[in-house]
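For reference, input-v4.csv is printed below; it contains CSV, C-alpha atoms.
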```
chain,number,residue,atom,x,y,z
A,1,MET,CA,18.5,-18.0,-105.1
A,2,LEU,CA,14.9,-18.8,-104.7
A,3,ARG,CA,12.3,-16.1,-105.5
A,4,LEU,CA,8.9,-16.2,-104.0
A,5,PRO,CA,6.9,-13.4,-105.8
A,6,PHE,CA,5.4,-14.3,-109.2
A,7,HIS,CA,4.1,-11.9,-111.8
A,8,THR,CA,2.9,-12.6,-115.4
A,9,VAL,CA,4.4,-10.8,-118.4
A,10,ASN,CA,2.5,-10.7,-121.6
A,11,ARG,CA,5.1,-9.7,-124.2
A,12,VAL,CA,8.6,-11.2,-124.3
A,13,PRO,CA,11.5,-10.1,-126.6
A,14,MET,CA,12.9,-12.9,-128.5
A,15,LEU,CA,16.5,-11.6,-128.5
A,16,LEU,CA,18.7,-10.9,-125.5
A,17,ARG,CA,20.5,-7.7,-125.8
A,18,SER,CA,23.6,-6.9,-123.9
A,19,ARG,CA,23.0,-3.4,-122.5
A,20,ARG,CA,25.0,-0.9,-120.6
A,21,ILE,CA,23.1,1.0,-117.9
A,22,HIS,CA,23.8,4.6,-118.9
A,23,SER,CA,21.7,6.1,-116.2
A,24,THR,CA,23.1,6.5,-112.7
A,25,PHE,CA,20.8,6.8,-109.7
A,26,PRO,CA,18.9,8.8,-108.9
A,27,TRP,CA,17.2,8.4,-112.3
A,28,ASN,CA,14.2,10.0,-113.8
A,29,SER,CA,11.0,8.1,-113.8
A,30,SER,CA,7.3,8.8,-114.0
A,31,HIS,CA,6.5,5.6,-112.1
A,32,LYS,CA,4.4,6.2,-109.0
A,33,GLY,CA,6.6,6.3,-105.9
A,34,LEU,CA,9.8,7.4,-107.6
A,35,VAL,CA,11.3,10.8,-107.1
A,36,THR,CA,12.4,12.9,-110.1
A,37,PRO,CA,15.4,14.9,-108.9
A,38,ARG,CA,17.4,17.4,-110.7
A,39,HIS,CA,19.7,16.0,-113.4
A,40,SER,CA,22.8,15.0,-111.5
A,41,SER,CA,24.7,11.8,-110.9
A,42,SER,CA,26.4,13.0,-107.7
A,43,PRO,CA,25.5,11.3,-104.4
A,44,ALA,CA,24.5,14.7,-103.0
A,45,SER,CA,21.5,14.7,-105.3
A,46,TRP,CA,20.0,11.6,-103.8
A,47,ARG,CA,16.8,12.5,-102.0
A,48,ILE,CA,14.4,10.2,-100.2
A,49,GLN,CA,10.7,10.9,-100.4
A,50,SER,CA,10.2,11.3,-96.7
A,51,SER,CA,11.9,10.3,-93.5
A,52,ALA,CA,10.6,6.9,-92.6
A,53,ARG,CA,9.8,6.5,-88.9
A,54,GLY,CA,8.2,4.0,-86.6
A,55,THR,CA,6.2,1.4,-88.4
A,56,ASP,CA,7.1,2.9,-91.8
A,57,LEU,CA,10.8,2.3,-91.0
A,58,VAL,CA,10.1,-1.3,-90.0
A,59,GLY,CA,8.3,-1.8,-93.3
A,60,VAL,CA,11.3,-0.4,-95.2
A,61,TYR,CA,13.7,-2.6,-93.3
A,62,THR,CA,11.4,-5.6,-93.9
A,63,ASP,CA,11.4,-4.9,-97.7
A,64,LEU,CA,15.1,-4.3,-97.7
A,65,SER,CA,15.7,-7.7,-96.1
A,66,LYS,CA,13.1,-9.4,-98.3
A,67,GLY,CA,11.1,-10.5,-95.3
A,68,LYS,CA,9.2,-13.3,-96.9
A,69,LEU,CA,12.3,-14.8,-98.4
A,70,THR,CA,14.2,-14.5,-95.2
A,71,ALA,CA,11.4,-16.3,-93.3
A,72,PHE,CA,11.6,-19.1,-95.9
A,73,VAL,CA,15.3,-19.4,-95.4
A,74,VAL,CA,14.9,-19.6,-91.6
A,75,LEU,CA,12.3,-22.4,-92.0
A,76,THR,CA,14.7,-24.4,-94.2
A,77,SER,CA,17.4,-24.0,-91.6
A,78,MET,CA,15.0,-25.2,-88.9
A,79,ALA,CA,14.2,-28.2,-91.0
A,80,GLY,CA,17.9,-29.1,-91.1
A,81,TYR,CA,18.0,-28.7,-87.4
A,82,ALA,CA,15.0,-30.9,-86.8
A,83,VAL,CA,16.2,-33.7,-89.1
A,84,ALA,CA,19.7,-33.8,-87.6
A,85,PRO,CA,20.4,-36.6,-85.1
A,86,GLY,CA,20.3,-35.8,-81.4
A,87,ALA,CA,18.0,-34.0,-79.0
A,88,ALA,CA,16.9,-30.5,-79.9
A,89,HIS,CA,17.5,-27.8,-77.3
A,90,VAL,CA,15.4,-24.6,-77.3
A,91,GLY,CA,18.3,-22.2,-76.7
A,92,PRO,CA,20.5,-23.2,-79.7
A,93,LEU,CA,17.4,-23.5,-81.9
A,94,LEU,CA,16.4,-19.9,-81.2
A,95,TRP,CA,19.9,-18.6,-81.7
A,96,THR,CA,20.2,-20.5,-84.9
A,97,ALA,CA,16.9,-19.0,-86.2
A,98,LEU,CA,18.0,-15.5,-85.2
A,99,GLY,CA,21.4,-15.8,-86.7
A,100,THR,CA,20.1,-17.3,-89.9
A,101,ALA,CA,17.5,-14.5,-90.2
A,102,LEU,CA,20.2,-11.8,-89.7
A,103,CYS,CA,22.6,-13.4,-92.2
A,104,ALA,CA,19.8,-13.7,-94.8
A,105,SER,CA,18.7,-10.1,-94.2
A,106,SER,CA,22.3,-8.9,-94.6
A,107,ALA,CA,22.7,-10.8,-97.9
A,108,ASN,CA,19.4,-9.4,-99.2
A,109,ALA,CA,20.3,-5.8,-98.2
A,110,PHE,CA,23.7,-6.0,-99.9
A,111,ASN,CA,22.0,-7.5,-103.0
A,112,GLN,CA,19.6,-4.6,-103.3
A,113,TRP,CA,22.3,-2.0,-102.6
A,114,ILE,CA,24.4,-3.4,-105.5
A,115,GLU,CA,21.5,-3.9,-107.9
A,116,VAL,CA,19.5,-0.7,-107.3
A,117,PRO,CA,20.1,0.8,-110.9
A,118,TYR,CA,18.8,-2.5,-112.4
A,119,ASP,CA,15.9,-3.0,-109.9
A,120,ALA,CA,14.6,0.4,-111.1
A,121,GLN,CA,14.2,-1.0,-114.7
A,122,MET,CA,12.2,-4.1,-113.8
A,123,SER,CA,8.5,-4.0,-113.0
A,124,ARG,CA,8.9,-6.7,-110.3
A,125,THR,CA,11.6,-4.8,-108.4
A,126,ARG,CA,11.1,-1.1,-109.0
A,127,ASN,CA,9.2,-0.6,-105.8
A,128,ARG,CA,12.0,-1.9,-103.6
A,129,PRO,CA,13.1,0.6,-100.9
A,130,LEU,CA,16.3,1.9,-102.7
A,131,ALA,CA,14.7,1.9,-106.1
A,132,ARG,CA,11.8,4.1,-104.9
A,133,HIS,CA,14.1,6.3,-102.8
A,134,ALA,CA,12.6,5.3,-99.4
A,135,ILE,CA,16.0,4.9,-97.8
A,136,ALA,CA,19.5,6.3,-98.6
A,137,PRO,CA,22.1,3.9,-100.0
A,138,GLY,CA,24.5,4.5,-97.1
A,139,HIS,CA,21.7,3.6,-94.6
A,140,ALA,CA,21.0,0.4,-96.5
A,141,LEU,CA,24.6,-0.5,-96.6
A,142,GLY,CA,25.0,0.1,-92.9
A,143,LEU,CA,22.0,-2.1,-92.2
A,144,GLY,CA,23.5,-4.9,-94.3
A,145,CYS,CA,26.8,-4.7,-92.5
A,146,ALA,CA,25.2,-4.6,-89.0
A,147,ALA,CA,22.9,-7.5,-89.7
A,148,GLY,CA,25.7,-9.6,-91.1
A,149,ALA,CA,28.1,-8.9,-88.2
A,150,LEU,CA,25.3,-9.6,-85.6
A,151,GLY,CA,24.2,-12.7,-87.4
A,152,VAL,CA,27.6,-14.3,-87.8
A,153,GLY,CA,28.5,-13.2,-84.3
A,154,ALA,CA,25.4,-14.7,-82.7
A,155,LEU,CA,26.0,-18.0,-84.5
A,156,TRP,CA,29.7,-18.0,-83.4
A,157,VAL,CA,29.1,-17.2,-79.8
A,158,PHE,CA,25.8,-19.0,-79.1
A,159,VAL,CA,25.8,-21.9,-81.6
A,160,ASN,CA,29.2,-23.0,-83.0
A,161,PRO,CA,31.9,-21.8,-85.4
A,162,VAL,CA,30.8,-24.1,-88.2
A,163,ALA,CA,27.3,-22.6,-88.2
A,164,ALA,CA,28.9,-19.1,-88.1
A,165,GLY,CA,31.1,-20.0,-91.1
A,166,LEU,CA,28.2,-21.2,-93.1
A,167,GLY,CA,26.3,-18.0,-92.3
A,168,ALA,CA,29.2,-15.9,-93.5
A,169,ALA,CA,29.5,-18.1,-96.6
A,170,ASN,CA,25.8,-17.5,-97.4
A,171,ILE,CA,26.3,-13.7,-97.3
A,172,ALA,CA,29.5,-13.8,-99.4
A,173,LEU,CA,28.1,-16.2,-102.0
A,174,TYR,CA,24.8,-14.4,-102.4
A,175,ALA,CA,26.0,-10.8,-102.3
A,176,GLY,CA,29.5,-11.3,-103.7
A,177,VAL,CA,29.2,-14.2,-106.2
A,178,TYR,CA,25.7,-14.8,-107.3
A,179,THR,CA,24.8,-11.1,-107.6
A,180,ALA,CA,27.9,-10.4,-109.8
A,181,MET,CA,27.3,-13.5,-111.9
A,182,LYS,CA,23.8,-12.5,-112.9
A,183,ARG,CA,25.1,-10.0,-115.4
A,184,VAL,CA,27.9,-12.3,-116.7
A,185,THR,CA,26.8,-15.9,-117.2
A,186,ILE,CA,23.8,-18.2,-117.0
A,187,ALA,CA,25.8,-20.2,-114.5
A,188,ASN,CA,24.5,-17.7,-111.9
A,189,THR,CA,21.5,-20.0,-111.4
A,190,TRP,CA,23.8,-22.8,-110.1
A,191,ALA,CA,25.5,-20.3,-107.8
A,192,GLY,CA,22.2,-19.1,-106.5
A,193,SER,CA,21.1,-22.7,-105.9
A,194,LEU,CA,24.2,-23.3,-103.9
A,195,VAL,CA,23.2,-20.3,-101.7
A,196,GLY,CA,19.8,-21.9,-101.2
A,197,ALA,CA,21.4,-25.2,-100.2
A,198,ILE,CA,23.4,-23.7,-97.2
A,199,PRO,CA,20.6,-23.0,-94.7
A,200,PRO,CA,19.6,-26.7,-94.0
A,201,VAL,CA,23.3,-27.6,-93.7
A,202,LEU,CA,23.7,-24.7,-91.2
A,203,GLY,CA,20.7,-26.0,-89.2
A,204,TRP,CA,22.2,-29.5,-89.1
A,205,ALA,CA,25.6,-28.1,-88.0
A,206,ALA,CA,23.8,-26.1,-85.2
A,207,ALA,CA,22.1,-29.3,-83.9
A,208,THR,CA,25.2,-31.5,-84.0
A,209,GLY,CA,27.8,-29.2,-82.6
A,210,GLY,CA,29.3,-28.7,-86.0
A,211,ALA,CA,29.5,-32.3,-87.2
A,212,LEU,CA,28.4,-32.6,-90.9
A,213,GLY,CA,27.5,-36.1,-91.8
A,214,ALA,CA,26.1,-37.5,-95.1
A,215,GLY,CA,22.6,-36.5,-94.0
A,216,ALA,CA,23.5,-32.8,-93.9
A,217,TRP,CA,24.7,-33.0,-97.5
A,218,VAL,CA,21.6,-34.8,-98.6
A,219,MET,CA,19.4,-32.1,-97.0
A,220,GLY,CA,21.5,-29.5,-98.7
A,221,GLY,CA,21.1,-31.4,-102.0
A,222,VAL,CA,17.3,-31.4,-101.6
A,223,LEU,CA,17.3,-27.6,-101.4
A,224,PHE,CA,19.9,-27.3,-104.2
A,225,ALA,CA,17.9,-29.4,-106.6
A,226,TRP,CA,14.5,-27.8,-105.7
A,227,GLN,CA,15.8,-24.4,-106.7
A,228,PHE,CA,15.8,-25.2,-110.4
A,229,PRO,CA,12.2,-26.2,-111.1
A,230,HIS,CA,11.2,-23.3,-108.7
A,231,PHE,CA,13.4,-20.6,-110.1
A,232,ASN,CA,13.5,-21.6,-113.8
A,233,SER,CA,9.7,-21.6,-114.0
A,234,LEU,CA,9.6,-18.2,-112.5
A,235,ALA,CA,12.4,-16.9,-114.7
A,236,HIS,CA,10.5,-18.1,-117.8
A,237,THR,CA,7.7,-15.7,-117.0
A,238,LEU,CA,10.0,-12.8,-116.0
A,239,ARG,CA,12.3,-13.2,-119.0
A,240,ALA,CA,11.2,-9.8,-120.5
A,241,ASP,CA,12.2,-8.0,-117.3
A,242,TYR,CA,15.5,-9.9,-117.0
A,243,SER,CA,16.3,-9.1,-120.6
A,244,LYS,CA,15.5,-5.4,-120.1
A,245,ALA,CA,17.8,-5.2,-117.1
A,246,GLY,CA,20.6,-7.1,-118.9
A,247,TYR,CA,20.6,-10.2,-116.7
A,248,ARG,CA,22.1,-13.3,-118.2
A,249,MET,CA,19.4,-15.9,-117.6
A,250,MET,CA,18.8,-19.3,-119.2
A,251,SER,CA,15.1,-18.4,-119.7
A,252,VAL,CA,16.2,-15.5,-122.0
A,253,SER,CA,19.2,-16.8,-124.0
A,254,ARG,CA,18.5,-20.5,-123.9
A,255,PRO,CA,14.9,-21.2,-123.1
A,256,ARG,CA,15.0,-24.9,-124.0
A,257,LEU,CA,17.9,-25.5,-121.7
A,258,ASN,CA,16.0,-23.6,-119.0
A,259,ALA,CA,13.1,-26.1,-119.2
A,260,ARG,CA,15.4,-29.1,-119.6
A,261,VAL,CA,17.4,-28.2,-116.4
A,262,ALA,CA,14.2,-27.7,-114.5
A,263,LEU,CA,13.1,-31.3,-115.4
A,264,ARG,CA,16.5,-32.7,-114.7
A,265,TYR,CA,16.6,-31.5,-111.2
A,266,ALA,CA,13.0,-32.3,-110.5
A,267,LEU,CA,13.8,-35.9,-111.3
A,268,LEU,CA,16.9,-35.7,-109.0
A,269,MET,CA,14.5,-35.2,-106.0
A,270,PHE,CA,13.7,-39.0,-106.2
A,271,PRO,CA,17.2,-40.3,-105.4
A,272,LEU,CA,17.8,-37.6,-102.9
A,273,SER,CA,14.6,-38.4,-101.0
A,274,ALA,CA,15.5,-42.1,-101.2
A,275,ALA,CA,18.9,-41.5,-99.7
A,276,LEU,CA,17.5,-40.4,-96.3
A,277,PRO,CA,16.0,-43.9,-95.4
A,278,LEU,CA,19.1,-45.6,-96.8
A,279,LEU,CA,21.2,-43.5,-94.4
A,280,GLY,CA,18.9,-44.5,-91.5
A,281,ILE,CA,17.7,-40.9,-90.9
A,282,CYS,CA,14.1,-41.6,-91.8
A,283,ASP,CA,12.0,-44.8,-91.9
A,284,PRO,CA,11.5,-46.6,-95.3
A,285,TRP,CA,7.9,-45.3,-95.7
A,286,LEU,CA,9.4,-42.0,-96.8
A,287,LEU,CA,10.1,-43.6,-100.1
A,288,ALA,CA,6.4,-44.0,-100.8
A,289,ASP,CA,5.2,-40.7,-99.5
A,290,SER,CA,8.0,-38.6,-101.1
A,291,SER,CA,7.4,-40.3,-104.4
A,292,ILE,CA,3.9,-38.9,-104.6
A,293,VAL,CA,5.0,-35.4,-103.8
A,294,ASN,CA,8.1,-35.6,-106.1
A,295,GLY,CA,6.1,-37.2,-108.8
A,296,TYR,CA,3.7,-34.4,-109.1
A,297,MET,CA,6.4,-31.7,-109.4
A,298,ALA,CA,8.3,-33.9,-111.9
A,299,TYR,CA,5.1,-34.3,-114.0
A,300,CYS,CA,4.7,-30.4,-114.0
A,301,ALA,CA,8.4,-30.1,-115.0
A,302,TYR,CA,7.9,-32.6,-117.8
A,303,GLU,CA,4.9,-30.6,-119.1
A,304,PHE,CA,6.9,-27.4,-118.9
A,305,TRP,CA,9.8,-29.2,-120.8
A,306,ARG,CA,7.3,-30.3,-123.5
A,307,ARG,CA,5.6,-27.0,-123.8
A,308,PRO,CA,7.6,-24.1,-122.2
A,309,ASP,CA,4.8,-21.5,-122.2
A,310,ALA,CA,3.4,-19.2,-119.5
A,311,ARG,CA,0.6,-21.7,-118.5
A,312,HIS,CA,3.0,-24.5,-117.8
A,313,SER,CA,5.6,-22.3,-116.2
A,314,ARG,CA,3.0,-21.1,-113.7
A,315,LYS,CA,1.8,-24.6,-113.0
A,316,LEU,CA,5.4,-25.8,-112.3
A,317,PHE,CA,6.1,-22.7,-110.1
A,318,PHE,CA,3.1,-23.1,-107.9
A,319,SER,CA,3.7,-26.9,-107.6
A,320,SER,CA,7.2,-26.1,-106.4
A,321,LEU,CA,5.7,-23.8,-103.7
A,322,VAL,CA,3.6,-26.7,-102.4
A,323,HIS,CA,6.2,-29.3,-103.0
A,324,LEU,CA,9.0,-28.2,-100.7
A,325,PRO,CA,7.0,-27.6,-97.5
A,326,LEU,CA,5.2,-30.9,-97.9
A,327,LEU,CA,8.5,-32.8,-98.5
A,328,LEU,CA,10.2,-31.2,-95.5
A,329,ILE,CA,7.2,-32.1,-93.3
A,330,LEU,CA,7.3,-35.7,-94.6
A,331,ILE,CA,11.1,-35.9,-93.9
A,332,MET,CA,10.7,-34.6,-90.3
A,333,GLY,CA,7.7,-36.8,-89.7
A,334,HIS,CA,9.4,-40.0,-90.9
A,335,LYS,CA,12.5,-39.1,-88.9
A,336,HIS,CA,10.3,-38.8,-85.8
A,337,MET,CA,8.7,-42.2,-86.5
A,338,GLN,CA,12.2,-43.7,-87.0
A,339,GLU,CA,13.3,-42.5,-83.6
A,340,ARG,CA,10.2,-43.8,-81.9
A,341,ARG,CA,10.8,-47.2,-83.5
A,342,LYS,CA,14.4,-47.3,-82.3
A,343,LYS,CA,13.3,-46.4,-78.7
A,344,LYS,CA,10.8,-49.2,-78.6
A,345,ASN,CA,13.3,-51.7,-79.8
```

Please go through the file and, once you have read it, give me the structure as structure tokens.
Amino acid sequence: MLRLPFHTVNRVPMLLRSRRIHSTFPWNSSHKGLVTPRHSSSPASWRIQSSARGTDLVGVYTDLSKGKLTAFVVLTSMAGYAVAPGAAHVGPLLWTALGTALCASSANAFNQWIEVPYDAQMSRTRNRPLARHAIAPGHALGLGCAAGALGVGALWVFVNPVAAGLGAANIALYAGVYTAMKRVTIANTWAGSLVGAIPPVLGWAAATGGALGAGAWVMGGVLFAWQFPHFNSLAHTLRADYSKAGYRMMSVSRPRLNARVALRYALLMFPLSAALPLLGICDPWLLADSSIVNGYMAYCAYEFWRRPDARHSRKLFFSSLVHLPLLLILIMGHKHMQERRKKKN
């Protein structure tokens, strides 16, 4: 699954160690913002720092749902809706956005509820709401269940059953499959990328009444392939944190494979972009425009493959952040021009 925050680590252990997490939450920590309760592993010893109310509670809910990531997921879903054939209608579009946001929030809440003991060990995640004791586990679990039920329900009632099924699949894959695989096998990256590929397919299904043509799978493929240069470059910089928490990541156990996979999928963006004009979804000029955007990210991925260090991982990561929005804008723009050309003829 894609990760938007980026932090630099200076020292990286060369050996991945398989670790059992001996501590149970609540744990002792001197880190600012964490509570140090009495030594007990019973649920009764869980204490939040203070009762969050009003704007504070909104902030906690936003952090629990990973607000920036959820917004990004909604935008990719809207891109799928915009590229799909047929006229866009405001009502289904808004319900699709709301349903997608609720499903993504649910998946993220479940993920944090499951991973709270490990989040507390990583500098990047130890200030998340559950790790810093800003909200009780039961509260977070209830929020995840409510958001999931409302999101899938909204998609089912106001959009269509196919979109609702994809929303439910997104929650199940992220919270039930990807989250569990992170501590078992490096194949978790492929599972996470599959999660990232669902939103544009969901948006397409919402626009077409549930029909999934070849264009839907190409749009999903674009998001699937993009995840690897984006996440693998981030994971390279965070490999010390991942190793400390016991996560099985390519960047830790097989760093050369990590860089090679990033390059492989960056190159895959070329045929995926070319498939859209071939399917008649966009005009042929997309081939030229997308090649420039894809070419720069592929160049950064090549440099990262040649020299997998912090400087080149950062360069690839930030190029991926620029790459996807530009590519989606190009796809939507060329789709619009294709439709205008058809109307004139």

Query raised in the report: A:Ala175, A:Ala211, A:Leu93, A:Ala149: which is nearest Ile114 of chain A, counting only C-alpha atoms?
Result: A:Ala175

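For the residues A:Asp283, A:Leu194, A:Ala275, A:Pro308, ranking by smallest atom-to-atom distance to Glu339 of chain A using all atoms listed in the file places A:Asp283 first.
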
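Shortest separation to Leu64 of chain A among A:Val90, A:Ala97, A:Ala266, A:Ala107 occurs at residue A:Ala107, atoms counted being only C-alpha atoms.
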
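Counting only C-alpha atoms, Val184 of chain A has the following residues at most 9 Å away, ignoring those fewer than 4 positions along the same chain: Ala180, Asn188, Tyr247 and Arg248 of chain A.
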
Query raised in the report: What does the distance between atom CA of Gln227 of chain A and atom CA of Val58 of chain A come to in Å, to one decimal place?
Result: 29.1 Å

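Distance annotation: of A:Arg239, A:Trp226, A:Thr179, A:Ala214, the residue with the minimal separation from Ala197 of chain A is A:Trp226; atom set is all atoms listed in the file.
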
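Going from atom CA of Val157 of chain A to atom CA of Ser105 of chain A covers 19.1 Å.
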
Report task. Could you give me, as JSON, numbers by chain, the residues within 8 Å of Ser273 of chain A, counting all atoms listed in the file and dropping anything in the same chain fewer than 5 positions from it? Result -> {"A": [222, 286, 287, 290]}

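Of the listed residues (A:Trp204, A:Phe110, A:Phe224, A:Phe317), A:Phe110 comes nearest to Leu141 of chain A; the distances count all atoms listed in the file.
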
Report task. May I have the residues within 12 Å of segment 160-170 of chain A as a count of residues only, using all atoms listed in the file and disregarding those fewer than 5 positions away in the same chain? Result -> 59

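Straight-line separation from atom CA of Ala172 of chain A to atom CA of Gly144 of chain A: 11.9 Å.
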
Any idea what's packed within 8 Å of segment 129-132 of chain A, counting all atoms listed in the file, ignoring anything in its chain fewer than 4 positions away? Could you give it as a PDB file with C-alpha atoms, in the frame of the given file?
```pdb
ATOM      1  CA  GLY A  33       6.600   6.300-105.900  1.00  0.00           C
ATOM      2  CA  LEU A  34       9.800   7.400-107.600  1.00  0.00           C
ATOM      3  CA  VAL A  35      11.300  10.800-107.100  1.00  0.00           C
ATOM      4  CA  VAL A  60      11.300  -0.400 -95.200  1.00  0.00           C
ATOM      5  CA  ASP A  63      11.400  -4.900 -97.700  1.00  0.00           C
ATOM      6  CA  LEU A  64      15.100  -4.300 -97.700  1.00  0.00           C
ATOM      7  CA  GLN A 112      19.600  -4.600-103.300  1.00  0.00           C
ATOM      8  CA  TRP A 113      22.300  -2.000-102.600  1.00  0.00           C
ATOM      9  CA  VAL A 116      19.500  -0.700-107.300  1.00  0.00           C
ATOM     10  CA  PRO A 117      20.100   0.800-110.900  1.00  0.00           C
ATOM     11  CA  ASP A 119      15.900  -3.000-109.900  1.00  0.00           C
ATOM     12  CA  ALA A 120      14.600   0.400-111.100  1.00  0.00           C
ATOM     13  CA  THR A 125      11.600  -4.800-108.400  1.00  0.00           C
ATOM     14  CA  ALA A 136      19.500   6.300 -98.600  1.00  0.00           C
ATOM     15  CA  PRO A 137      22.100   3.900-100.000  1.00  0.00           C
ATOM     16  CA  ALA A 140      21.000   0.400 -96.500  1.00  0.00           C
TER      17      ALA A 140
END
```

Expected axis-aligned box over every listed atom of segment 316-332 of chain A, 6 Å added per side, centre plus edges in Å to one decimal, as AutoDock Vina command-line options:
```
--center_x 7.1 --center_y -29.3 --center_z -101.3 --size_x 20.0 --size_y 25.2 --size_z 34.0
```

Report summary line: Counting only C-alpha atoms, closest pick from A:Cys300, A:Ala310, A:Val252, A:Met269 relative to Thr237 of chain A is A:Ala310

**Report entry** Answer as a VMD selection string, residues within 12 Å of (7.3, -28.4, -108.4) using only C-alpha atoms
**Finding:** chain A and resid 225 to 234 262 to 267 269 292 to 304 312 to 327

Within 12 Å of (10.6, -44.7, -88.7) (coordinates as in the file), grab all the protein and nucleic acid residues, counting only C-alpha atoms, and write them out as a PDB file with C-alpha atoms, in the coordinates of the input.
```
ATOM      1  CA  LEU A 276      17.500 -40.400 -96.300  1.00  0.00           C
ATOM      2  CA  PRO A 277      16.000 -43.900 -95.400  1.00  0.00           C
ATOM      3  CA  LEU A 278      19.100 -45.600 -96.800  1.00  0.00           C
ATOM      4  CA  GLY A 280      18.900 -44.500 -91.500  1.00  0.00           C
ATOM      5  CA  ILE A 281      17.700 -40.900 -90.900  1.00  0.00           C
ATOM      6  CA  CYS A 282      14.100 -41.600 -91.800  1.00  0.00           C
ATOM      7  CA  ASP A 283      12.000 -44.800 -91.900  1.00  0.00           C
ATOM      8  CA  PRO A 284      11.500 -46.600 -95.300  1.00  0.00           C
ATOM      9  CA  TRP A 285       7.900 -45.300 -95.700  1.00  0.00           C
ATOM     10  CA  LEU A 286       9.400 -42.000 -96.800  1.00  0.00           C
ATOM     11  CA  LEU A 287      10.100 -43.600-100.100  1.00  0.00           C
ATOM     12  CA  LEU A 330       7.300 -35.700 -94.600  1.00  0.00           C
ATOM     13  CA  ILE A 331      11.100 -35.900 -93.900  1.00  0.00           C
ATOM     14  CA  MET A 332      10.700 -34.600 -90.300  1.00  0.00           C
ATOM     15  CA  GLY A 333       7.700 -36.800 -89.700  1.00  0.00           C
ATOM     16  CA  HIS A 334       9.400 -40.000 -90.900  1.00  0.00           C
ATOM     17  CA  LYS A 335      12.500 -39.100 -88.900  1.00  0.00           C
ATOM     18  CA  HIS A 336      10.300 -38.800 -85.800  1.00  0.00           C
ATOM     19  CA  MET A 337       8.700 -42.200 -86.500  1.00  0.00           C
ATOM     20  CA  GLN A 338      12.200 -43.700 -87.000  1.00  0.00           C
ATOM     21  CA  GLU A 339      13.300 -42.500 -83.600  1.00  0.00           C
ATOM     22  CA  ARG A 340      10.200 -43.800 -81.900  1.00  0.00           C
ATOM     23  CA  ARG A 341      10.800 -47.200 -83.500  1.00  0.00           C
ATOM     24  CA  LYS A 342      14.400 -47.300 -82.300  1.00  0.00           C
ATOM     25  CA  LYS A 343      13.300 -46.400 -78.700  1.00  0.00           C
ATOM     26  CA  LYS A 344      10.800 -49.200 -78.600  1.00  0.00           C
ATOM     27  CA  ASN A 345      13.300 -51.700 -79.800  1.00  0.00           C
TER      28      ASN A 345
END
```
